[in-house]
Structure formats: C-alpha cells, structure tokens
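Peer 1: Dropping in my_file.pdb, which is PDB, C-alpha atoms, pLDDT in the B column:
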ATOM      1  CA  MET A   1      19.629  -4.776  -2.676  1.00 37.00           C
ATOM      2  CA  ALA A   2      20.021  -3.680   0.920  1.00 41.00           C
ATOM      3  CA  MET A   3      17.393  -4.864   3.355  1.00 44.00           C
ATOM      4  CA  HIS A   4      15.037  -2.389   5.029  1.00 49.00           C
ATOM      5  CA  GLN A   5      15.602   0.362   2.476  1.00 74.00           C
ATOM      6  CA  ASN A   6      13.084   2.672   0.867  1.00 71.00           C
ATOM      7  CA  ALA A   7      12.743   0.881  -2.480  1.00 65.00           C
ATOM      8  CA  ALA A   8      11.741   4.051  -4.338  1.00 55.00           C
ATOM      9  CA  GLU A   9      14.270   6.259  -2.481  1.00 65.00           C
ATOM     10  CA  PHE A  10      11.365   8.637  -1.935  1.00 65.00           C
ATOM     11  CA  ALA A  11      11.536  11.455   0.625  1.00 66.00           C
ATOM     12  CA  ALA A  12       8.199  13.229   1.061  1.00 64.00           C
ATOM     13  CA  GLN A  13       9.854  16.252   2.677  1.00 63.00           C
ATOM     14  CA  ASN A  14      11.848  16.844  -0.509  1.00 66.00           C
ATOM     15  CA  ASP A  15       9.156  16.265  -3.135  1.00 64.00           C
ATOM     16  CA  ASP A  16       5.395  16.720  -2.654  1.00 68.00           C
ATOM     17  CA  VAL A  17       4.714  14.709  -5.795  1.00 69.00           C
ATOM     18  CA  PHE A  18       1.599  13.042  -4.385  1.00 71.00           C
ATOM     19  CA  GLY A  19       0.177  16.421  -3.435  1.00 69.00           C
ATOM     20  CA  ARG A  20       0.717  17.602  -6.998  1.00 72.00           C
ATOM     21  CA  ILE A  21      -0.926  14.575  -8.596  1.00 71.00           C
ATOM     22  CA  ALA A  22      -3.639  13.952  -5.962  1.00 70.00           C
ATOM     23  CA  SER A  23      -6.505  14.965  -8.238  1.00 71.00           C
ATOM     24  CA  ARG A  24      -5.176  12.675 -11.009  1.00 72.00           C
ATOM     25  CA  TYR A  25      -3.865   9.822  -8.877  1.00 76.00           C
ATOM     26  CA  ASP A  26      -6.684   7.321  -9.518  1.00 76.00           C
ATOM     27  CA  TYR A  27      -6.587   8.201 -13.214  1.00 72.00           C
ATOM     28  CA  LEU A  28      -2.839   7.488 -13.243  1.00 74.00           C
ATOM     29  CA  CYS A  29      -3.439   4.137 -11.526  1.00 76.00           C
ATOM     30  CA  ASP A  30      -5.869   3.234 -14.306  1.00 76.00           C
ATOM     31  CA  ILE A  31      -3.323   4.210 -16.952  1.00 72.00           C
ATOM     32  CA  PHE A  32      -0.306   2.480 -15.395  1.00 73.00           C
ATOM     33  CA  SER A  33      -2.159  -0.777 -14.632  1.00 77.00           C
ATOM     34  CA  PHE A  34      -4.675  -0.674 -17.505  1.00 77.00           C
ATOM     35  CA  GLY A  35      -7.412  -0.774 -14.865  1.00 83.00           C
ATOM     36  CA  ILE A  36      -6.209  -4.014 -13.239  1.00 90.00           C
ATOM     37  CA  HIS A  37      -5.524  -2.175  -9.957  1.00 89.00           C
ATOM     38  CA  ARG A  38      -9.284  -2.196  -9.384  1.00 91.00           C
ATOM     39  CA  ILE A  39      -9.232  -5.998  -9.165  1.00 94.00           C
ATOM     40  CA  TRP A  40      -6.275  -5.893  -6.732  1.00 94.00           C
ATOM     41  CA  LYS A  41      -7.986  -3.304  -4.532  1.00 95.00           C
ATOM     42  CA  ARG A  42     -11.257  -5.227  -4.494  1.00 95.00           C
ATOM     43  CA  ARG A  43      -9.407  -8.370  -3.439  1.00 96.00           C
ATOM     44  CA  VAL A  44      -7.439  -6.746  -0.624  1.00 97.00           C
ATOM     45  CA  ALA A  45     -10.510  -4.782   0.562  1.00 96.00           C
ATOM     46  CA  ASN A  46     -12.446  -8.038   0.871  1.00 95.00           C
ATOM     47  CA  LYS A  47      -9.561  -9.587   2.780  1.00 96.00           C
ATOM     48  CA  ILE A  48      -9.373  -6.613   5.170  1.00 96.00           C
ATOM     49  CA  ALA A  49     -13.148  -6.599   5.701  1.00 94.00           C
ATOM     50  CA  ASN A  50     -13.192 -10.336   6.438  1.00 93.00           C
ATOM     51  CA  GLU A  51     -10.517 -10.118   9.142  1.00 94.00           C
ATOM     52  CA  LYS A  52     -11.663  -9.905  12.777  1.00 92.00           C
ATOM     53  CA  TRP A  53     -11.194  -6.331  13.996  1.00 96.00           C
ATOM     54  CA  ASP A  54     -13.048  -3.489  15.635  1.00 96.00           C
ATOM     55  CA  THR A  55     -10.335  -0.863  15.055  1.00 97.00           C
ATOM     56  CA  LEU A  56      -8.235  -0.656  11.877  1.00 97.00           C
ATOM     57  CA  ILE A  57      -5.517   1.793  10.890  1.00 98.00           C
ATOM     58  CA  ASP A  58      -4.770   2.154   7.201  1.00 97.00           C
ATOM     59  CA  GLY A  59      -1.362   3.570   6.280  1.00 95.00           C
ATOM     60  CA  ALA A  60      -0.896   5.445   2.993  1.00 92.00           C
ATOM     61  CA  THR A  61      -4.655   5.708   2.459  1.00 95.00           C
ATOM     62  CA  GLY A  62      -4.217   8.008  -0.529  1.00 92.00           C
ATOM     63  CA  THR A  63      -7.564   8.985  -2.052  1.00 93.00           C
ATOM     64  CA  GLY A  64      -9.431   6.473   0.104  1.00 95.00           C
ATOM     65  CA  ASP A  65     -10.094   3.983  -2.662  1.00 93.00           C
ATOM     66  CA  ILE A  66      -9.522   0.847  -0.599  1.00 95.00           C
ATOM     67  CA  ILE A  67     -11.126   2.065   2.647  1.00 96.00           C
ATOM     68  CA  LEU A  68     -14.191   3.068   0.633  1.00 95.00           C
ATOM     69  CA  ARG A  69     -14.394  -0.528  -0.600  1.00 94.00           C
ATOM     70  CA  VAL A  70     -13.832  -1.894   2.914  1.00 95.00           C
ATOM     71  CA  MET A  71     -16.556   0.262   4.476  1.00 93.00           C
ATOM     72  CA  ALA A  72     -19.009  -0.527   1.697  1.00 88.00           C
ATOM     73  CA  ASN A  73     -18.900  -4.132   2.899  1.00 81.00           C
ATOM     74  CA  ALA A  74     -21.918  -4.773   5.148  1.00 67.00           C
ATOM     75  CA  SER A  75     -19.790  -6.747   7.619  1.00 76.00           C
ATOM     76  CA  THR A  76     -17.879  -3.586   8.596  1.00 76.00           C
ATOM     77  CA  GLN A  77     -20.813  -1.903  10.367  1.00 77.00           C
ATOM     78  CA  GLY A  78     -19.866  -0.710  13.852  1.00 81.00           C
ATOM     79  CA  ARG A  79     -16.148  -0.781  13.098  1.00 92.00           C
ATOM     80  CA  THR A  80     -13.734   2.147  13.440  1.00 95.00           C
ATOM     81  CA  VAL A  81     -11.084   3.049  10.847  1.00 97.00           C
ATOM     82  CA  ILE A  82      -8.216   5.504  11.111  1.00 97.00           C
ATOM     83  CA  ALA A  83      -7.265   6.409   7.540  1.00 97.00           C
ATOM     84  CA  SER A  84      -3.821   8.016   7.421  1.00 97.00           C
ATOM     85  CA  ASP A  85      -1.539   9.507   4.798  1.00 95.00           C
ATOM     86  CA  LEU A  86       1.405  11.874   4.449  1.00 91.00           C
ATOM     87  CA  SER A  87      -0.360  14.000   1.842  1.00 91.00           C
ATOM     88  CA  ALA A  88      -2.978  16.499   3.021  1.00 93.00           C
ATOM     89  CA  LYS A  89      -4.300  16.847  -0.532  1.00 92.00           C
ATOM     90  CA  MET A  90      -4.744  13.090  -0.860  1.00 92.00           C
ATOM     91  CA  LEU A  91      -6.587  12.977   2.472  1.00 95.00           C
ATOM     92  CA  ALA A  92      -8.846  15.863   1.404  1.00 95.00           C
ATOM     93  CA  ILE A  93     -10.012  13.772  -1.558  1.00 95.00           C
ATOM     94  CA  ALA A  94     -10.411  10.707   0.674  1.00 96.00           C
ATOM     95  CA  GLU A  95     -12.496  12.748   3.130  1.00 95.00           C
ATOM     96  CA  GLN A  96     -14.952  13.711   0.406  1.00 95.00           C
ATOM     97  CA  ARG A  97     -15.179  10.141  -0.886  1.00 94.00           C
ATOM     98  CA  LEU A  98     -15.764   8.762   2.610  1.00 95.00           C
ATOM     99  CA  LEU A  99     -18.338  11.330   3.754  1.00 95.00           C
ATOM    100  CA  SER A 100     -21.083   8.721   4.083  1.00 92.00           C
ATOM    101  CA  PHE A 101     -18.887   6.811   6.548  1.00 93.00           C
ATOM    102  CA  LYS A 102     -17.695   9.793   8.588  1.00 91.00           C
ATOM    103  CA  SER A 103     -19.117   8.308  11.800  1.00 91.00           C
ATOM    104  CA  ASN A 104     -16.831   5.284  11.348  1.00 93.00           C
ATOM    105  CA  VAL A 105     -13.766   6.751   9.637  1.00 96.00           C
ATOM    106  CA  SER A 106     -11.366   9.422  10.900  1.00 96.00           C
ATOM    107  CA  LEU A 107      -8.714  10.833   8.580  1.00 97.00           C
ATOM    108  CA  ILE A 108      -5.365  11.800  10.085  1.00 96.00           C
ATOM    109  CA  LEU A 109      -2.177  13.219   8.565  1.00 95.00           C
ATOM    110  CA  LEU A 110       0.447  10.666   9.605  1.00 95.00           C
ATOM    111  CA  ASP A 111       3.804   9.309   8.472  1.00 93.00           C
ATOM    112  CA  ALA A 112       3.674   5.496   8.358  1.00 94.00           C
ATOM    113  CA  GLU A 113       7.290   5.422   9.549  1.00 94.00           C
ATOM    114  CA  ASN A 114       6.512   7.292  12.782  1.00 94.00           C
ATOM    115  CA  MET A 115       3.032   7.578  14.330  1.00 95.00           C
ATOM    116  CA  PRO A 116       3.532   8.843  17.901  1.00 94.00           C
ATOM    117  CA  SER A 117      -0.107   9.933  18.186  1.00 95.00           C
ATOM    118  CA  ILE A 118      -1.242   6.307  17.844  1.00 96.00           C
ATOM    119  CA  GLN A 119      -1.023   4.474  21.142  1.00 97.00           C
ATOM    120  CA  THR A 120       0.970   1.269  21.530  1.00 97.00           C
ATOM    121  CA  LYS A 121      -1.172  -1.896  21.323  1.00 97.00           C
ATOM    122  CA  SER A 122      -4.262   0.124  20.390  1.00 97.00           C
ATOM    123  CA  VAL A 123      -5.549  -1.313  17.074  1.00 98.00           C
ATOM    124  CA  ASP A 124      -6.768  -4.733  15.996  1.00 98.00           C
ATOM    125  CA  ALA A 125      -5.568  -4.551  12.391  1.00 98.00           C
ATOM    126  CA  TYR A 126      -3.151  -2.573  10.226  1.00 98.00           C
ATOM    127  CA  SER A 127      -3.308  -2.328   6.446  1.00 98.00           C
ATOM    128  CA  ILE A 128      -1.165  -0.606   3.852  1.00 98.00           C
ATOM    129  CA  SER A 129      -1.697  -0.854   0.110  1.00 96.00           C
ATOM    130  CA  LEU A 130       0.782   0.150  -2.583  1.00 91.00           C
ATOM    131  CA  GLY A 131       2.545   2.466  -0.133  1.00 90.00           C
ATOM    132  CA  LEU A 132       5.259   0.285   1.352  1.00 93.00           C
ATOM    133  CA  LYS A 133       7.500   0.730  -1.689  1.00 90.00           C
ATOM    134  CA  ILE A 134       7.744   4.497  -1.118  1.00 85.00           C
ATOM    135  CA  CYS A 135       8.671   4.437   2.572  1.00 89.00           C
ATOM    136  CA  ASN A 136      11.269   2.805   4.787  1.00 92.00           C
ATOM    137  CA  ARG A 137       9.468  -0.495   5.176  1.00 94.00           C
ATOM    138  CA  HIS A 138      11.518  -1.487   8.226  1.00 94.00           C
ATOM    139  CA  LEU A 139      10.377   1.604  10.150  1.00 95.00           C
ATOM    140  CA  ALA A 140       6.803   1.264   8.869  1.00 96.00           C
ATOM    141  CA  MET A 141       6.556  -2.368   9.927  1.00 96.00           C
ATOM    142  CA  GLN A 142       8.118  -1.654  13.313  1.00 96.00           C
ATOM    143  CA  GLU A 143       5.380   0.963  13.846  1.00 97.00           C
ATOM    144  CA  ALA A 144       2.717  -1.503  12.702  1.00 98.00           C
ATOM    145  CA  LEU A 145       4.041  -4.053  15.197  1.00 98.00           C
ATOM    146  CA  ARG A 146       4.055  -1.422  17.954  1.00 98.00           C
ATOM    147  CA  ILE A 147       0.499  -0.184  17.525  1.00 98.00           C
ATOM    148  CA  LEU A 148      -1.098  -3.587  16.927  1.00 98.00           C
ATOM    149  CA  LYS A 149      -2.665  -5.371  19.860  1.00 98.00           C
ATOM    150  CA  PRO A 150      -1.366  -8.874  20.619  1.00 98.00           C
ATOM    151  CA  SER A 151      -2.675 -11.215  17.883  1.00 98.00           C
ATOM    152  CA  GLY A 152      -3.450  -8.148  15.727  1.00 98.00           C
ATOM    153  CA  ARG A 153      -3.586  -8.653  11.973  1.00 98.00           C
ATOM    154  CA  LEU A 154      -1.390  -7.134   9.244  1.00 98.00           C
ATOM    155  CA  ILE A 155      -2.576  -6.904   5.616  1.00 98.00           C
ATOM    156  CA  ILE A 156      -0.321  -5.579   2.843  1.00 98.00           C
ATOM    157  CA  LEU A 157      -0.930  -5.106  -0.883  1.00 97.00           C
ATOM    158  CA  GLU A 158       2.306  -4.339  -2.675  1.00 96.00           C
ATOM    159  CA  ALA A 159       4.425  -4.823  -5.768  1.00 92.00           C
ATOM    160  CA  SER A 160       5.820  -8.319  -6.129  1.00 94.00           C
ATOM    161  CA  ASN A 161       7.544 -10.526  -8.686  1.00 92.00           C
ATOM    162  CA  ILE A 162       6.391 -12.734 -11.518  1.00 90.00           C
ATOM    163  CA  ARG A 163       7.808 -16.167 -10.705  1.00 89.00           C
ATOM    164  CA  TRP A 164       9.090 -16.781 -14.237  1.00 90.00           C
ATOM    165  CA  GLY A 165      12.256 -14.697 -14.527  1.00 88.00           C
ATOM    166  CA  PHE A 166      12.059 -14.046 -18.261  1.00 89.00           C
ATOM    167  CA  LEU A 167       8.470 -12.846 -17.959  1.00 89.00           C
ATOM    168  CA  HIS A 168       9.284 -10.618 -14.976  1.00 88.00           C
ATOM    169  CA  ARG A 169      12.189  -9.053 -16.879  1.00 87.00           C
ATOM    170  CA  ALA A 170       9.921  -8.490 -19.873  1.00 87.00           C
ATOM    171  CA  TYR A 171       7.316  -6.842 -17.607  1.00 85.00           C
ATOM    172  CA  LEU A 172       9.940  -4.513 -16.080  1.00 84.00           C
ATOM    173  CA  ALA A 173      11.270  -3.648 -19.525  1.00 85.00           C
ATOM    174  CA  TYR A 174       7.750  -2.897 -20.724  1.00 82.00           C
ATOM    175  CA  MET A 175       7.053  -0.729 -17.669  1.00 81.00           C
ATOM    176  CA  GLY A 176      10.403   1.018 -18.142  1.00 82.00           C
ATOM    177  CA  ILE A 177       9.332   2.096 -21.617  1.00 80.00           C
ATOM    178  CA  CYS A 178       5.608   2.707 -21.186  1.00 78.00           C
ATOM    179  CA  MET A 179       5.417   4.208 -17.688  1.00 74.00           C
ATOM    180  CA  PRO A 180       7.607   7.252 -18.491  1.00 75.00           C
ATOM    181  CA  ILE A 181       5.715   7.939 -21.711  1.00 76.00           C
ATOM    182  CA  LEU A 182       2.239   7.513 -20.206  1.00 72.00           C
ATOM    183  CA  GLY A 183       3.230   9.328 -17.013  1.00 70.00           C
ATOM    184  CA  TRP A 184       4.722  12.246 -18.923  1.00 74.00           C
ATOM    185  CA  ILE A 185       1.563  12.663 -20.994  1.00 70.00           C
ATOM    186  CA  ALA A 186      -0.866  12.196 -18.085  1.00 65.00           C
ATOM    187  CA  THR A 187       0.918  14.620 -15.738  1.00 67.00           C
ATOM    188  CA  GLY A 188       1.874  17.259 -18.248  1.00 70.00           C
ATOM    189  CA  GLY A 189       5.574  16.558 -17.894  1.00 68.00           C
ATOM    190  CA  ASP A 190       5.903  15.893 -14.136  1.00 69.00           C
ATOM    191  CA  ALA A 191       8.693  13.293 -14.176  1.00 65.00           C
ATOM    192  CA  SER A 192       8.449  12.590 -10.420  1.00 67.00           C
ATOM    193  CA  ALA A 193       5.003  11.051 -10.806  1.00 62.00           C
ATOM    194  CA  TYR A 194       6.375   7.907 -12.413  1.00 68.00           C
ATOM    195  CA  LYS A 195      10.050   7.962 -11.374  1.00 73.00           C
ATOM    196  CA  TYR A 196       9.379   6.864  -7.786  1.00 73.00           C
ATOM    197  CA  LEU A 197       6.760   4.295  -8.700  1.00 75.00           C
ATOM    198  CA  LEU A 198       8.924   2.700 -11.372  1.00 77.00           C
ATOM    199  CA  GLN A 199      11.980   2.484  -9.121  1.00 80.00           C
ATOM    200  CA  GLY A 200       9.844   1.159  -6.274  1.00 79.00           C
ATOM    201  CA  ILE A 201       8.506  -1.628  -8.485  1.00 83.00           C
ATOM    202  CA  ARG A 202      11.981  -2.532  -9.733  1.00 85.00           C
ATOM    203  CA  ASP A 203      13.692  -2.602  -6.345  1.00 87.00           C
ATOM    204  CA  PHE A 204      10.957  -3.974  -4.101  1.00 91.00           C
ATOM    205  CA  PRO A 205      11.619  -7.447  -2.627  1.00 93.00           C
ATOM    206  CA  THR A 206      10.111 -10.588  -4.089  1.00 94.00           C
ATOM    207  CA  ALA A 207       7.084 -12.040  -2.307  1.00 96.00           C
ATOM    208  CA  GLU A 208       9.320 -14.618  -0.625  1.00 97.00           C
ATOM    209  CA  GLU A 209      11.828 -11.969   0.477  1.00 96.00           C
ATOM    210  CA  LEU A 210       9.138  -9.719   1.938  1.00 96.00           C
ATOM    211  CA  ALA A 211       7.611 -12.676   3.793  1.00 97.00           C
ATOM    212  CA  HIS A 212      11.043 -13.417   5.253  1.00 97.00           C
ATOM    213  CA  GLU A 213      11.439  -9.755   6.276  1.00 96.00           C
ATOM    214  CA  LEU A 214       8.065  -9.729   8.028  1.00 97.00           C
ATOM    215  CA  THR A 215       9.101 -12.794   9.988  1.00 97.00           C
ATOM    216  CA  SER A 216      12.407 -11.141  10.896  1.00 96.00           C
ATOM    217  CA  TYR A 217      10.526  -8.096  12.220  1.00 95.00           C
ATOM    218  CA  GLY A 218       8.611 -10.353  14.614  1.00 96.00           C
ATOM    219  CA  PHE A 219       5.381 -11.185  12.794  1.00 98.00           C
ATOM    220  CA  GLU A 220       3.963 -14.714  12.772  1.00 98.00           C
ATOM    221  CA  GLU A 221       1.748 -16.740  10.427  1.00 98.00           C
ATOM    222  CA  VAL A 222       3.096 -14.838   7.419  1.00 98.00           C
ATOM    223  CA  THR A 223       1.411 -15.821   4.156  1.00 98.00           C
ATOM    224  CA  PHE A 224       1.122 -14.265   0.724  1.00 98.00           C
ATOM    225  CA  GLU A 225      -0.965 -14.561  -2.413  1.00 97.00           C
ATOM    226  CA  ARG A 226       0.273 -13.411  -5.808  1.00 97.00           C
ATOM    227  CA  LEU A 227      -2.200 -11.590  -8.055  1.00 96.00           C
ATOM    228  CA  SER A 228      -1.942 -11.074 -11.823  1.00 93.00           C
ATOM    229  CA  LEU A 229       0.896 -13.646 -12.085  1.00 93.00           C
ATOM    230  CA  GLY A 230       2.820 -11.800  -9.362  1.00 93.00           C
ATOM    231  CA  ILE A 231       2.730  -8.163 -10.462  1.00 93.00           C
ATOM    232  CA  VAL A 232       1.459  -7.583  -6.923  1.00 95.00           C
ATOM    233  CA  ALA A 233       0.909  -9.768  -3.864  1.00 97.00           C
ATOM    234  CA  ILE A 234      -1.235  -9.623  -0.744  1.00 98.00           C
ATOM    235  CA  HIS A 235       0.670 -10.477   2.430  1.00 98.00           C
ATOM    236  CA  THR A 236      -1.010 -11.235   5.739  1.00 98.00           C
ATOM    237  CA  ALA A 237       0.577 -11.789   9.139  1.00 98.00           C
ATOM    238  CA  ARG A 238      -0.201 -11.747  12.854  1.00 98.00           C
ATOM    239  CA  LYS A 239       1.470 -10.034  15.783  1.00 98.00           C
ATOM    240  CA  PRO A 240       2.430 -12.612  18.435  1.00 97.00           C
ATOM    241  CA  ALA A 241      -0.188 -13.103  21.169  1.00 92.00           C
TER     242      ALA A 241
END
Represent the structure of the file as structure tokens.

Peer 2:
Amino acid sequence: MAMHQNAAEFAAQNDDVFGRIASRYDYLCDIFSFGIHRIWKRRVANKIANEKWDTLIDGATGTGDIILRVMANASTQGRTVIASDLSAKMLAIAEQRLLSFKSNVSLILLDAENMPSIQTKSVDAYSISLGLKICNRHLAMQEALRILKPSGRLIILEASNIRWGFLHRAYLAYMGICMPILGWIATGGDASAYKYLLQGIRDFPTAEELAHELTSYGFEEVTFERLSLGIVAIHTARKPA
C-alpha cells in the first residue's frame, strides 16, 4: 500500500455519494456498525472536549453528530467551533442539529485537503472523525499542521486494525459480505454508498502505521487508543511549539 494515498480512492468531484445519502447517513452508520459507532463518537467527543482549546476546526463534520456531542459538554461553553465538510447537504443537516449552538458553531463548506480560507496558525485544535479514509490524508494532515497554532492539538477517529491477524481478516471478510448487502438494501441500490467505505476500511493503515505517518508529517507526542478491539482507533498528536 502506497503511503499518503486516498485509501478509499474517493473523488468528491466525480461522485456526490454523501450528498445522495445525507438524509440516511446516520441510519447507515447504525446499520454498518450495529450501533457501536455511537460509543466511538461519544469517546472521541469527550476527548475533544477535554483538550485545551478556544478555537476548534472539525474536518468532515458530516451531519454534525460529533460536534453536537462536543458542544453538549458543559466544559465547552465560550469556545468557538468551525464545522466543515465537502457536502452541502450534510452541512445543512448539521446546521439544523446544531441550531442551539449557533452562537458558538459556524458551518463552512471546505475541502479538508485544501482550506485556503482558514488562516495559518489560527486554531488551537483540529479534529476529523471517520473522514480521513476518504481523502488524501497526506494533504489533509499538512493542512491541519498549517492551520494549527504552535502546540495545537490533533484528534483523529478512524478505521484501524484488530491486532490479531486472523480476527482482523475474519472481520474484513464479514464486512465484505454484509456491507454490500446491507448497503444495497438501505440505499435502494446505490452501490457507491458502501463501496468507498469498505475499500477505505480495507486499505487504511494500521494504528501503528498511521502513528508513524503523523510523526513523519511533523507532529509530536503521537499516541493512539484502539476501540472495539481495533475496529477503530483514536489518535492524538501535538504540533511542535
């Protein structure tokens, strides 16, 4: 597997799949993960909320699920969040869900790989959850490094690997069978909805490999925590002071 690639080989300009499934996206997450994604999102939201920051940018915000959980935490009062995504339809749903926090949260249509409207060294923290597999992670992390202030924090929730090889292979085989069937039924035959996600899960780096990549990009204090045996992992890192 080549380093720095887009694991899902997804190109938003060629396929507006997330626009098409925006209204069913959270439902699909429940189906594909059997509801376990809620535990992952709660865990990463708590981790984001407990970091020290006044200004946060969230890449690939989607329907706002995680930012809603972050802002519902009492410790986030007085903080500012820029919630960004490539899909206008996803952001429209997020905007409705985050209405009660509109004084703290601004929603902006942005590509995580290139955010020229965000000033260099302008935010205290950057988060991206379950979106790194569908973009060029090298470009996305270079942008994160650019816009973070010195000592700024990075928090990532993404697909990972079960440490026991036989179990990881069994999980991928299971997903390879069930995800197409469930996705086909849930989307009324829209094959794109699961094709990218499945490929992204298969080809995404292991937790150790992603940690090594983050270090190679220039981040420090890189750590990770596997959840659900390693189906996903939460990575944290710091931009050098």

Peer 1: Between atom CA of A:Ala72 and atom CA of A:Ala92, what distance in Å does the model show, to one decimal?

Peer 2: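 Going from atom CA of A:Ala72 over to atom CA of A:Ala92, I get 19.3 Å.
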
Peer 1: Pick out the residues sitting within 6 Å of A:Ala125, and hand them over as a CSV table (one decimal) with C-alpha atoms, in the frame of the given file; count all atoms listed in the file, and ignore anything fewer than 5 positions along from it in its own chain.

Peer 2:
chain,number,residue,atom,x,y,z
A,56,LEU,CA,-8.2,-0.7,11.9
A,152,GLY,CA,-3.4,-8.1,15.7
A,153,ARG,CA,-3.6,-8.7,12.0
A,154,LEU,CA,-1.4,-7.1,9.2

Peer 1: Against stretch 86-89 of chain A, which residues of stretch 125-191 of chain A fall within 12 Å? For each one I want the closest pair of atoms and the distance in Å (one decimal), counting all atoms listed in the file, rows by chain and increasing residue number, as a Markdown table.

Peer 2:
| residue | atom | partner | partner_atom | distance |
| --- | --- | --- | --- | --- |
| A:Gly131 | CA | A:Leu86 | CA | 10.5 |
| A:Ile134 | CA | A:Leu86 | CA | 11.2 |
| A:Cys135 | CA | A:Leu86 | CA | 10.6 |

Peer 1: Which is closer to A:Val70 than all the others in A:Phe166, A:Phe101, A:Tyr27, A:Tyr174, using all atoms listed in the file?

Peer 2: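 That would be A:Phe101, the residue with the smallest distance to A:Val70.
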
Peer 1: Which neighbours of A:Ser160 fall inside 12 Å, counting all atoms listed in the file, when residues of the same chain fewer than 6 positions from it are skipped, and could you give them as JSON, numbers by chain?

Peer 2: {"A": [130, 132, 133, 168, 171, 172, 200, 201, 202, 203, 204, 205, 206, 207, 208, 209, 210, 211, 224, 225, 226, 227, 228, 229, 230, 231, 232, 233, 234, 235]}

Peer 1: Please save C-alpha atoms of the selected residues as a PDB file, keeping the file's coordinate frame.

Peer 2:
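Result file is part39.pdb:
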ATOM      1  CA  LEU A 130       0.782   0.150  -2.583  1.00 91.00           C
ATOM      2  CA  LEU A 132       5.259   0.285   1.352  1.00 93.00           C
ATOM      3  CA  LYS A 133       7.500   0.730  -1.689  1.00 90.00           C
ATOM      4  CA  HIS A 168       9.284 -10.618 -14.976  1.00 88.00           C
ATOM      5  CA  TYR A 171       7.316  -6.842 -17.607  1.00 85.00           C
ATOM      6  CA  LEU A 172       9.940  -4.513 -16.080  1.00 84.00           C
ATOM      7  CA  GLY A 200       9.844   1.159  -6.274  1.00 79.00           C
ATOM      8  CA  ILE A 201       8.506  -1.628  -8.485  1.00 83.00           C
ATOM      9  CA  ARG A 202      11.981  -2.532  -9.733  1.00 85.00           C
ATOM     10  CA  ASP A 203      13.692  -2.602  -6.345  1.00 87.00           C
ATOM     11  CA  PHE A 204      10.957  -3.974  -4.101  1.00 91.00           C
ATOM     12  CA  PRO A 205      11.619  -7.447  -2.627  1.00 93.00           C
ATOM     13  CA  THR A 206      10.111 -10.588  -4.089  1.00 94.00           C
ATOM     14  CA  ALA A 207       7.084 -12.040  -2.307  1.00 96.00           C
ATOM     15  CA  GLU A 208       9.320 -14.618  -0.625  1.00 97.00           C
ATOM     16  CA  GLU A 209      11.828 -11.969   0.477  1.00 96.00           C
ATOM     17  CA  LEU A 210       9.138  -9.719   1.938  1.00 96.00           C
ATOM     18  CA  ALA A 211       7.611 -12.676   3.793  1.00 97.00           C
ATOM     19  CA  PHE A 224       1.122 -14.265   0.724  1.00 98.00           C
ATOM     20  CA  GLU A 225      -0.965 -14.561  -2.413  1.00 97.00           C
ATOM     21  CA  ARG A 226       0.273 -13.411  -5.808  1.00 97.00           C
ATOM     22  CA  LEU A 227      -2.200 -11.590  -8.055  1.00 96.00           C
ATOM     23  CA  SER A 228      -1.942 -11.074 -11.823  1.00 93.00           C
ATOM     24  CA  LEU A 229       0.896 -13.646 -12.085  1.00 93.00           C
ATOM     25  CA  GLY A 230       2.820 -11.800  -9.362  1.00 93.00           C
ATOM     26  CA  ILE A 231       2.730  -8.163 -10.462  1.00 93.00           C
ATOM     27  CA  VAL A 232       1.459  -7.583  -6.923  1.00 95.00           C
ATOM     28  CA  ALA A 233       0.909  -9.768  -3.864  1.00 97.00           C
ATOM     29  CA  ILE A 234      -1.235  -9.623  -0.744  1.00 98.00           C
ATOM     30  CA  HIS A 235       0.670 -10.477   2.430  1.00 98.00           C
TER      31      HIS A 235
END

Peer 1: So the first atom is atom CA of A:Lys239 and the second is atom CA of A:Glu221; what is the distance between them in Å, to one decimal place?

Peer 2: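 So the answer is 8.6 Å.
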
Peer 1: Here is a test: counting all atoms listed in the file, which residue of A:Met115, A:Ile108, A:Ile39, A:Ala140 is nearest to A:Gln5?

Peer 2: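 Of A:Met115, A:Ile108, A:Ile39, A:Ala140, the one nearest A:Gln5, counting all atoms listed in the file, is A:Ala140.
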
Peer 1: With the PyMOL selection byres ((chain A and resi 217) around 10) as the selection, what would be picked from this file? Answer as an MDAnalysis selection string, please.

Peer 2: chainID A and resid 138:139 141:142 145 212:216 218:220 239

Peer 1: Could you pull stretch 33-44 of chain A out of the structure I just pasted and write it to a file containing N, CA and C atoms, as a PDB file, in the first residue's frame?

Peer 2:
ATOM      1  N   SER A  33     -22.367  -0.520  11.652  1.00  0.00           N
ATOM      2  CA  SER A  33     -21.610  -0.778  12.887  1.00  0.00           C
ATOM      3  C   SER A  33     -22.462  -1.433  13.969  1.00  0.00           C
ATOM      4  N   PHE A  34     -23.719  -1.726  13.651  1.00  0.00           N
ATOM      5  CA  PHE A  34     -24.660  -2.275  14.633  1.00  0.00           C
ATOM      6  C   PHE A  34     -24.761  -1.356  15.854  1.00  0.00           C
ATOM      7  N   GLY A  35     -24.684  -0.052  15.605  1.00  0.00           N
ATOM      8  CA  GLY A  35     -24.852   0.942  16.653  1.00  0.00           C
ATOM      9  C   GLY A  35     -23.606   1.253  17.457  1.00  0.00           C
ATOM     10  N   ILE A  36     -22.516   0.508  17.230  1.00  0.00           N
ATOM     11  CA  ILE A  36     -21.303   0.694  18.041  1.00  0.00           C
ATOM     12  C   ILE A  36     -20.651   2.043  17.759  1.00  0.00           C
ATOM     13  N   HIS A  37     -20.919   2.627  16.582  1.00  0.00           N
ATOM     14  CA  HIS A  37     -20.319   3.928  16.254  1.00  0.00           C
ATOM     15  C   HIS A  37     -20.696   4.991  17.275  1.00  0.00           C
ATOM     16  N   ARG A  38     -21.824   4.823  17.946  1.00  0.00           N
ATOM     17  CA  ARG A  38     -22.242   5.783  18.961  1.00  0.00           C
ATOM     18  C   ARG A  38     -21.262   5.801  20.141  1.00  0.00           C
ATOM     19  N   ILE A  39     -20.758   4.641  20.494  1.00  0.00           N
ATOM     20  CA  ILE A  39     -19.762   4.544  21.573  1.00  0.00           C
ATOM     21  C   ILE A  39     -18.468   5.226  21.139  1.00  0.00           C
ATOM     22  N   TRP A  40     -18.040   4.964  19.887  1.00  0.00           N
ATOM     23  CA  TRP A  40     -16.805   5.582  19.369  1.00  0.00           C
ATOM     24  C   TRP A  40     -16.941   7.103  19.359  1.00  0.00           C
ATOM     25  N   LYS A  41     -18.065   7.599  18.887  1.00  0.00           N
ATOM     26  CA  LYS A  41     -18.268   9.044  18.781  1.00  0.00           C
ATOM     27  C   LYS A  41     -18.334   9.697  20.156  1.00  0.00           C
ATOM     28  N   ARG A  42     -18.960   9.022  21.115  1.00  0.00           N
ATOM     29  CA  ARG A  42     -19.009   9.560  22.466  1.00  0.00           C
ATOM     30  C   ARG A  42     -17.607   9.662  23.053  1.00  0.00           C
ATOM     31  N   ARG A  43     -16.794   8.637  22.788  1.00  0.00           N
ATOM     32  CA  ARG A  43     -15.433   8.622  23.326  1.00  0.00           C
ATOM     33  C   ARG A  43     -14.574   9.729  22.720  1.00  0.00           C
ATOM     34  N   VAL A  44     -14.627   9.885  21.404  1.00  0.00           N
ATOM     35  CA  VAL A  44     -13.797  10.910  20.769  1.00  0.00           C
ATOM     36  C   VAL A  44     -14.327  12.308  21.089  1.00  0.00           C
TER      37      VAL A  44
END
